[in-house]
$ cat work_3.pdb   # PDB, C-alpha atoms
ATOM      1  CA  MET Y  19     103.453  83.364  87.221
ATOM      2  CA  THR Y  20     100.069  85.009  86.966
ATOM      3  CA  GLY Y  21      99.721  88.591  85.773
ATOM      4  CA  GLN Y  22      99.975  90.827  88.856
ATOM      5  CA  ALA Y  23      97.542  93.523  89.979
ATOM      6  CA  HIS Y  24      99.182  96.881  89.301
ATOM      7  CA  ASP Y  25      99.071  99.761  91.722
ATOM      8  CA  VAL Y  26      96.867 102.503  90.275
ATOM      9  CA  VAL Y  27      97.320 106.267  90.003
ATOM     10  CA  LEU Y  28      94.143 108.344  89.733
ATOM     11  CA  LEU Y  29      94.696 111.448  87.642
ATOM     12  CA  GLU Y  30      91.938 113.748  86.364
ATOM     13  CA  HIS Y  31      89.231 111.088  86.922
ATOM     14  CA  ARG Y  32      91.186 108.435  84.999
ATOM     15  CA  ASP Y  33      92.888 105.241  86.175
ATOM     16  CA  PHE Y  34      96.525 104.777  85.179
ATOM     17  CA  LYS Y  35      98.625 101.714  86.015
ATOM     18  CA  LEU Y  36     101.865 102.379  87.876
ATOM     19  CA  CYS Y  37     104.439 100.789  85.577
ATOM     20  CA  THR Y  38     107.980 101.694  86.551
ATOM     21  CA  VAL Y  39     109.299 103.662  89.506
ATOM     22  CA  ARG Y  40     112.691 105.166  90.238
ATOM     23  CA  GLY Y  41     112.812 106.800  93.641
ATOM     24  CA  THR Y  42     112.091 106.258  97.307
ATOM     25  CA  GLY Y  43     109.189 106.695  99.668
ATOM     26  CA  LEU Y  44     106.281 104.859  98.048
ATOM     27  CA  PHE Y  45     103.856 103.182 100.438
ATOM     28  CA  GLU Y  46     105.072  99.809 101.756
ATOM     29  CA  MET Y  47     102.626  97.921 103.977
ATOM     30  CA  GLU Y  48     105.329  95.979 105.794
ATOM     31  CA  LYS Y  49     107.022  99.234 106.876
ATOM     32  CA  VAL Y  50     103.890 100.837 108.351
ATOM     33  CA  ALA Y  51     101.797  97.977 109.703
ATOM     34  CA  PHE Y  52     102.271  94.292 108.889
ATOM     35  CA  ARG Y  53     103.342  91.928 106.146
ATOM     36  CA  PRO Y  54     100.132  90.698 104.515
ATOM     37  CA  PRO Y  55      99.911  87.199 103.076
ATOM     38  CA  PRO Y  56      99.521  86.777  99.311
ATOM     39  CA  ALA Y  57      95.828  87.289  98.635
ATOM     40  CA  SER Y  58      95.812  85.405  95.327
ATOM     41  CA  THR Y  59      98.166  84.388  92.552
ATOM     42  CA  ALA Y  60      97.459  87.842  91.044
ATOM     43  CA  CYS Y  61      98.705  89.635  94.187
ATOM     44  CA  TRP Y  62     101.835  87.974  95.558
ATOM     45  CA  ARG Y  63     102.874  90.944  97.696
ATOM     46  CA  GLY Y  64      99.501  90.869  99.475
ATOM     47  CA  TYR Y  65      98.225  94.386  98.816
ATOM     48  CA  CYS Y  66      97.485  96.888  96.088
ATOM     49  CA  VAL Y  67      97.688 100.670  96.424
ATOM     50  CA  THR Y  68      95.641 103.319  94.665
ATOM     51  CA  TYR Y  69      97.458 106.640  94.611
ATOM     52  CA  ALA Y  70      95.908 109.932  93.549
ATOM     53  CA  ILE Y  71      97.338 113.119  92.109
ATOM     54  CA  GLU Y  72      95.221 116.044  93.265
ATOM     55  CA  GLU Y  73      96.465 119.487  92.336
ATOM     56  CA  SER Y  74     100.151 119.056  93.219
ATOM     57  CA  ASP Y  75      99.713 116.481  96.008
ATOM     58  CA  PHE Y  76     100.673 112.814  95.593
ATOM     59  CA  LEU Y  77      98.383 110.836  97.916
ATOM     60  CA  VAL Y  78      97.743 107.298  99.085
ATOM     61  CA  ASP Y  79      94.045 107.126  98.248
ATOM     62  CA  SER Y  80      93.324 103.526  99.264
ATOM     63  CA  ILE Y  81      94.973 100.193 100.031
ATOM     64  CA  VAL Y  82      93.365  96.793  99.429
ATOM     65  CA  THR Y  83      94.746  93.866 101.422
ATOM     66  CA  SER Y  84      93.817  91.004 103.719
ATOM     67  CA  CYS Y  85      94.843  90.340 107.288
ATOM     68  CA  PRO Y  86      94.621  87.217 109.405
ATOM     69  CA  GLY Y  87      93.081  88.182 112.726
ATOM     70  CA  THR Y  88      92.162  91.725 113.691
ATOM     71  CA  PRO Y  89      93.513  94.223 111.161
ATOM     72  CA  PRO Y  90      95.591  97.042 112.671
ATOM     73  CA  ALA Y  91      95.204 100.700 111.772
ATOM     74  CA  VAL Y  92      97.227 101.759 108.738
ATOM     75  CA  MET Y  93      98.210 105.415 108.376
ATOM     76  CA  GLY Y  94      95.844 106.159 111.254
ATOM     77  CA  VAL Y  95      92.727 104.616 109.677
ATOM     78  CA  GLN Y  96      90.866 101.376 110.303
ATOM     79  CA  ALA Y  97      90.113  98.815 107.620
ATOM     80  CA  GLU Y  98      86.664  98.395 106.111
ATOM     81  CA  LYS Y  99      85.316  95.189 104.550
ATOM     82  CA  LEU Y 100      85.122  95.268 100.764
ATOM     83  CA  ASP Y 101      81.699  94.754  99.218
ATOM     84  CA  GLY Y 102      82.901  92.431  96.463
ATOM     85  CA  PRO Y 103      85.863  90.273  95.454
ATOM     86  CA  HIS Y 104      89.280  91.804  94.750
ATOM     87  CA  PRO Y 105      92.476  89.923  93.784
ATOM     88  CA  CYS Y 106      94.424  91.633  96.596
ATOM     89  CA  GLY Y 107      92.135  90.966  99.537
ATOM     90  CA  ASN Y 108      88.898  91.647 101.335
ATOM     91  CA  LEU Y 109      89.821  94.790 103.301
ATOM     92  CA  VAL Y 110      90.235  98.394 102.215
ATOM     93  CA  TYR Y 111      91.957 101.273 103.991
ATOM     94  CA  ARG Y 112      91.167 104.817 102.811
ATOM     95  CA  PRO Y 113      93.841 107.088 104.332
ATOM     96  CA  ARG Y 114      93.859 109.813 101.634
ATOM     97  CA  GLN Y 115      97.208 111.063 102.927
ATOM     98  CA  GLN Y 116     100.237 112.464 101.176
ATOM     99  CA  VAL Y 117     103.068 110.013 100.577
ATOM    100  CA  GLU Y 118     106.611 111.345 100.929
ATOM    101  CA  PHE Y 119     107.814 109.920  97.623
ATOM    102  CA  THR Y 120     110.729 111.526  95.795
ATOM    103  CA  GLY Y 121     111.609 110.416  92.282
ATOM    104  CA  ARG Y 122     109.831 109.735  89.036
ATOM    105  CA  PHE Y 123     107.584 107.085  87.590
ATOM    106  CA  LEU Y 124     105.762 106.081  84.439
ATOM    107  CA  ILE Y 125     102.018 105.484  84.453
ATOM    108  CA  GLY Y 126     100.163 103.779  81.633
ATOM    109  CA  HIS Y 127      96.573 103.877  80.420
ATOM    110  CA  ASP Y 128      94.847 101.627  77.872
ATOM    111  CA  LEU Y 129      96.832  98.380  77.817
ATOM    112  CA  ILE Y 130      97.395  97.010  74.316
ATOM    113  CA  ARG Y 131      95.822  93.567  74.739
ATOM    114  CA  THR Y 132      97.924  91.917  72.036
ATOM    115  CA  LEU Y 133     101.079  92.763  74.040
ATOM    116  CA  TYR Y 134      99.754  91.431  77.361
ATOM    117  CA  VAL Y 135     101.959  88.758  78.940
ATOM    118  CA  HIS Y 136     100.298  86.580  81.560
ATOM    119  CA  GLY Y 137     103.046  86.898  84.140
ATOM    120  CA  GLY Y 138     104.253  89.674  86.409
ATOM    121  CA  PHE Y 139     103.549  93.339  85.730
ATOM    122  CA  GLN Y 140     103.053  94.910  82.308
ATOM    123  CA  ASP Y 141     105.810  97.204  81.006
ATOM    124  CA  ALA Y 142     105.057 100.845  80.207
ATOM    125  CA  TRP Y 143     105.627 100.299  76.493
ATOM    126  CA  LYS Y 144     102.582  97.999  76.429
ATOM    127  CA  PHE Y 145     100.182 100.916  77.029
ATOM    128  CA  ASN Y 146      98.727 103.307  74.443
ATOM    129  CA  GLU Y 147      99.130 106.345  76.715
ATOM    130  CA  VAL Y 148     102.096 106.892  79.044
ATOM    131  CA  LEU Y 149     102.892 109.812  81.344
ATOM    132  CA  GLU Y 150     106.073 110.483  83.300
ATOM    133  CA  VAL Y 151     105.494 112.011  86.740
ATOM    134  CA  LYS Y 152     108.234 113.741  88.760
ATOM    135  CA  VAL Y 153     107.641 114.131  92.499
ATOM    136  CA  GLN Y 154     109.628 115.762  95.322
ATOM    137  CA  SER Y 155     108.637 114.956  98.935
ATOM    138  CA  GLY Y 156     105.045 114.183  97.930
ATOM    139  CA  GLN Y 157     104.641 117.256  95.708
ATOM    140  CA  VAL Y 158     104.138 116.674  91.990
ATOM    141  CA  LEU Y 159     106.604 118.867  90.123
ATOM    142  CA  GLN Y 160     105.927 117.855  86.546
ATOM    143  CA  ILE Y 161     103.774 115.546  84.431
ATOM    144  CA  THR Y 162     105.072 114.908  80.918
ATOM    145  CA  ASP Y 163     103.236 113.041  78.174
ATOM    146  CA  ARG Y 164     105.665 110.332  77.003
ATOM    147  CA  THR Y 165     103.230 108.578  74.679
ATOM    148  CA  LEU Y 166     105.209 109.398  71.524
ATOM    149  CA  GLU Y 167     108.559 108.294  72.979
ATOM    150  CA  ILE Y 168     107.003 105.131  74.403
ATOM    151  CA  SER Y 169     105.353 104.280  71.063
ATOM    152  CA  ARG Y 170     108.819 104.456  69.485
ATOM    153  CA  VAL Y 171     110.222 102.269  72.275
ATOM    154  CA  ARG Y 172     107.355  99.830  71.642
ATOM    155  CA  ASP Y 173     108.242  99.630  67.945
ATOM    156  CA  LEU Y 174     111.842  98.852  68.869
ATOM    157  CA  MET Y 175     110.828  96.259  71.492
ATOM    158  CA  VAL Y 176     108.374  94.479  69.186
ATOM    159  CA  ASN Y 177     110.772  94.500  66.221
ATOM    160  CA  ARG Y 178     113.968  93.656  68.117
ATOM    161  CA  VAL Y 179     116.949  93.967  65.810
ATOM    162  CA  PRO Y 180     119.485  95.820  68.032
ATOM    163  CA  GLU Y 181     122.312  95.744  65.488
ATOM    164  CA  LYS Y 182     120.139  97.743  63.069
ATOM    165  CA  HIS Y 183     119.161 100.509  65.515
ATOM    166  CA  SER Y 184     120.175 104.005  64.484
ATOM    167  CA  ALA Y 185     121.996 106.331  66.896
ATOM    168  CA  GLU Y 186     118.672 108.102  67.587
ATOM    169  CA  GLN Y 187     116.932 104.776  68.329
ATOM    170  CA  LYS Y 188     119.748 103.736  70.666
ATOM    171  CA  LYS Y 189     119.471 107.078  72.487
ATOM    172  CA  LEU Y 190     115.711 106.551  72.897
ATOM    173  CA  LEU Y 191     116.262 103.072  74.350
ATOM    174  CA  GLN Y 192     118.916 104.468  76.707
ATOM    175  CA  TRP Y 193     116.390 107.054  77.954
ATOM    176  CA  TYR Y 194     113.826 104.307  78.575
ATOM    177  CA  GLN Y 195     116.414 102.155  80.334
ATOM    178  CA  THR Y 196     117.089 104.949  82.843
ATOM    179  CA  LEU Y 197     113.666 103.991  84.203
ATOM    180  CA  GLU Y 198     114.242 100.253  83.857
ATOM    181  CA  PRO Y 199     116.310  98.082  86.204
ATOM    182  CA  SER Y 200     120.057  98.261  85.938
ATOM    183  CA  ASP Y 201     121.400  97.532  89.413
ATOM    184  CA  GLY Y 202     118.033  97.723  91.175
ATOM    185  CA  GLU Y 203     119.197 100.686  93.285
ATOM    186  CA  GLY Y 204     116.192 102.770  94.270
ATOM    187  CA  LEU Y 205     114.051 101.077  91.649
ATOM    188  CA  ILE Y 206     110.753  99.327  92.068
ATOM    189  CA  LEU Y 207     109.539  97.610  88.944
ATOM    190  CA  LEU Y 208     105.816  97.048  89.278
TER     191      LEU Y 208
END
$ encode --input "work_3.pdb" --output "structure tokens"
Amino acid sequence: MTGQAHDVVLLEHRDFKLCTVRGTGLFEMEKVAFRPPPASTACWRGYCVTYAIEESDFLVDSIVTSCPGTPPAVMGVQAEKLDGPHPCGNLVYRPRQQVEFTGRFLIGHDLIRTLYVHGGFQDAWKFNEVLEVKVQSGQVLQITDRTLEISRVRDLMVNRVPEKHSAEQKKLLQWYQTLEPSDGEGLILL
């Protein structure tokens, strides 16, 4: 599988990749408009979302997709043609509307290239900077810098020797796993 195009979260004029999500209410194209075809091997679900955090609002800033035929309105806005190529399509919607998400997610900035795996989405521990964002009904409640914890998780993931983990290391991995898939309930791993 080809590496997949991450959804993006804009925060304070910086692009973060949406890594792991636990919660409900993120934008899903097939629930609001149509099921887009895969745009490329880097975008199997057929669209990519850019979210934005502005003050305490969690917004859908833009959606890139493609649509056979006439594209319908999405979130009340019409599609525009993109100027250049994009792995997720040739159309962009710019709704800039709040999304009613409730839950938490990790966002990563500055991917560590030596940890990149050419398949699927990149895990949060593969980024140099990681923030945890807690949201209730589209309102951002808290943003916590998790870079230190994630760097420790990264050390444990790169040097996997589970039987030698201390109690503190095991507790750290358990914290990280609360954001990773267990039964898939309410979890979207991007």
$ residues_around --input "work_3.pdb" --residues "stretch 76-83 of chain Y" --least-positions-apart "4" --cutoff "9 Å" --atoms "only C-alpha atoms" --output "PyMOL selection string"
chain Y and resi 27-28+44-45+47+54-57+64-72+100+104-119+153+155-158
$ write_last_selection --input "work_3.pdb" --atoms "C-alpha atoms" --output "PDB file, keeping the file's coordinate frame"
ATOM      1  CA  VAL Y  27      97.320 106.267  90.003  1.00  0.00           C
ATOM      2  CA  LEU Y  28      94.143 108.344  89.733  1.00  0.00           C
ATOM      3  CA  LEU Y  44     106.281 104.859  98.048  1.00  0.00           C
ATOM      4  CA  PHE Y  45     103.856 103.182 100.438  1.00  0.00           C
ATOM      5  CA  MET Y  47     102.626  97.921 103.977  1.00  0.00           C
ATOM      6  CA  PRO Y  54     100.132  90.698 104.515  1.00  0.00           C
ATOM      7  CA  PRO Y  55      99.911  87.199 103.076  1.00  0.00           C
ATOM      8  CA  PRO Y  56      99.521  86.777  99.311  1.00  0.00           C
ATOM      9  CA  ALA Y  57      95.828  87.289  98.635  1.00  0.00           C
ATOM     10  CA  GLY Y  64      99.501  90.869  99.475  1.00  0.00           C
ATOM     11  CA  TYR Y  65      98.225  94.386  98.816  1.00  0.00           C
ATOM     12  CA  CYS Y  66      97.485  96.888  96.088  1.00  0.00           C
ATOM     13  CA  VAL Y  67      97.688 100.670  96.424  1.00  0.00           C
ATOM     14  CA  THR Y  68      95.641 103.319  94.665  1.00  0.00           C
ATOM     15  CA  TYR Y  69      97.458 106.640  94.611  1.00  0.00           C
ATOM     16  CA  ALA Y  70      95.908 109.932  93.549  1.00  0.00           C
ATOM     17  CA  ILE Y  71      97.338 113.119  92.109  1.00  0.00           C
ATOM     18  CA  GLU Y  72      95.221 116.044  93.265  1.00  0.00           C
ATOM     19  CA  LEU Y 100      85.122  95.268 100.764  1.00  0.00           C
ATOM     20  CA  HIS Y 104      89.280  91.804  94.750  1.00  0.00           C
ATOM     21  CA  PRO Y 105      92.476  89.923  93.784  1.00  0.00           C
ATOM     22  CA  CYS Y 106      94.424  91.633  96.596  1.00  0.00           C
ATOM     23  CA  GLY Y 107      92.135  90.966  99.537  1.00  0.00           C
ATOM     24  CA  ASN Y 108      88.898  91.647 101.335  1.00  0.00           C
ATOM     25  CA  LEU Y 109      89.821  94.790 103.301  1.00  0.00           C
ATOM     26  CA  VAL Y 110      90.235  98.394 102.215  1.00  0.00           C
ATOM     27  CA  TYR Y 111      91.957 101.273 103.991  1.00  0.00           C
ATOM     28  CA  ARG Y 112      91.167 104.817 102.811  1.00  0.00           C
ATOM     29  CA  PRO Y 113      93.841 107.088 104.332  1.00  0.00           C
ATOM     30  CA  ARG Y 114      93.859 109.813 101.634  1.00  0.00           C
ATOM     31  CA  GLN Y 115      97.208 111.063 102.927  1.00  0.00           C
ATOM     32  CA  GLN Y 116     100.237 112.464 101.176  1.00  0.00           C
ATOM     33  CA  VAL Y 117     103.068 110.013 100.577  1.00  0.00           C
ATOM     34  CA  GLU Y 118     106.611 111.345 100.929  1.00  0.00           C
ATOM     35  CA  PHE Y 119     107.814 109.920  97.623  1.00  0.00           C
ATOM     36  CA  VAL Y 153     107.641 114.131  92.499  1.00  0.00           C
ATOM     37  CA  SER Y 155     108.637 114.956  98.935  1.00  0.00           C
ATOM     38  CA  GLY Y 156     105.045 114.183  97.930  1.00  0.00           C
ATOM     39  CA  GLN Y 157     104.641 117.256  95.708  1.00  0.00           C
ATOM     40  CA  VAL Y 158     104.138 116.674  91.990  1.00  0.00           C
TER      41      VAL Y 158
END
$ atom_distance --input "work_3.pdb" --atom1 "atom CA of Y:Thr120" --atom2 "atom CA of Y:Lys152"
7.8 Å
$ closest_residue --input "work_3.pdb" --among "Y:Gln192, Y:Ser184, Y:Asn177, Y:Ser84" --to "Y:Cys61" --atoms "all atoms listed in the file"
Y:Ser84
$ closest_residue --input "work_3.pdb" --among "Y:Asp75, Y:Phe52, Y:Arg63, Y:Arg122" --to "Y:Val92" --atoms "all atoms listed in the file"
Y:Phe52
$ resolve_selection --input "work_3.pdb" --expression "the PyMOL selection byres ((chain Y and resi 194) around 10)" --output "list in words"
Ala142, Trp143, Glu167, Ile168, Val171, Lys188, Lys189, Leu190, Leu191, Gln192, Trp193, Gln195, Thr196, Leu197 and Glu198 of chain Y
$ write_last_selection --input "work_3.pdb" --atoms "C-alpha atoms" --output "PDB file, in the frame of the given file"
ATOM      1  CA  ALA Y 142     105.057 100.845  80.207  1.00  0.00           C
ATOM      2  CA  TRP Y 143     105.627 100.299  76.493  1.00  0.00           C
ATOM      3  CA  GLU Y 167     108.559 108.294  72.979  1.00  0.00           C
ATOM      4  CA  ILE Y 168     107.003 105.131  74.403  1.00  0.00           C
ATOM      5  CA  VAL Y 171     110.222 102.269  72.275  1.00  0.00           C
ATOM      6  CA  LYS Y 188     119.748 103.736  70.666  1.00  0.00           C
ATOM      7  CA  LYS Y 189     119.471 107.078  72.487  1.00  0.00           C
ATOM      8  CA  LEU Y 190     115.711 106.551  72.897  1.00  0.00           C
ATOM      9  CA  LEU Y 191     116.262 103.072  74.350  1.00  0.00           C
ATOM     10  CA  GLN Y 192     118.916 104.468  76.707  1.00  0.00           C
ATOM     11  CA  TRP Y 193     116.390 107.054  77.954  1.00  0.00           C
ATOM     12  CA  GLN Y 195     116.414 102.155  80.334  1.00  0.00           C
ATOM     13  CA  THR Y 196     117.089 104.949  82.843  1.00  0.00           C
ATOM     14  CA  LEU Y 197     113.666 103.991  84.203  1.00  0.00           C
ATOM     15  CA  GLU Y 198     114.242 100.253  83.857  1.00  0.00           C
TER      16      GLU Y 198
END
$ closest_residue --input "work_3.pdb" --among "Y:Gln140, Y:Ser169, Y:Gln22, Y:Ser74" --to "Y:Ser58" --atoms "all atoms listed in the file"
Y:Gln22
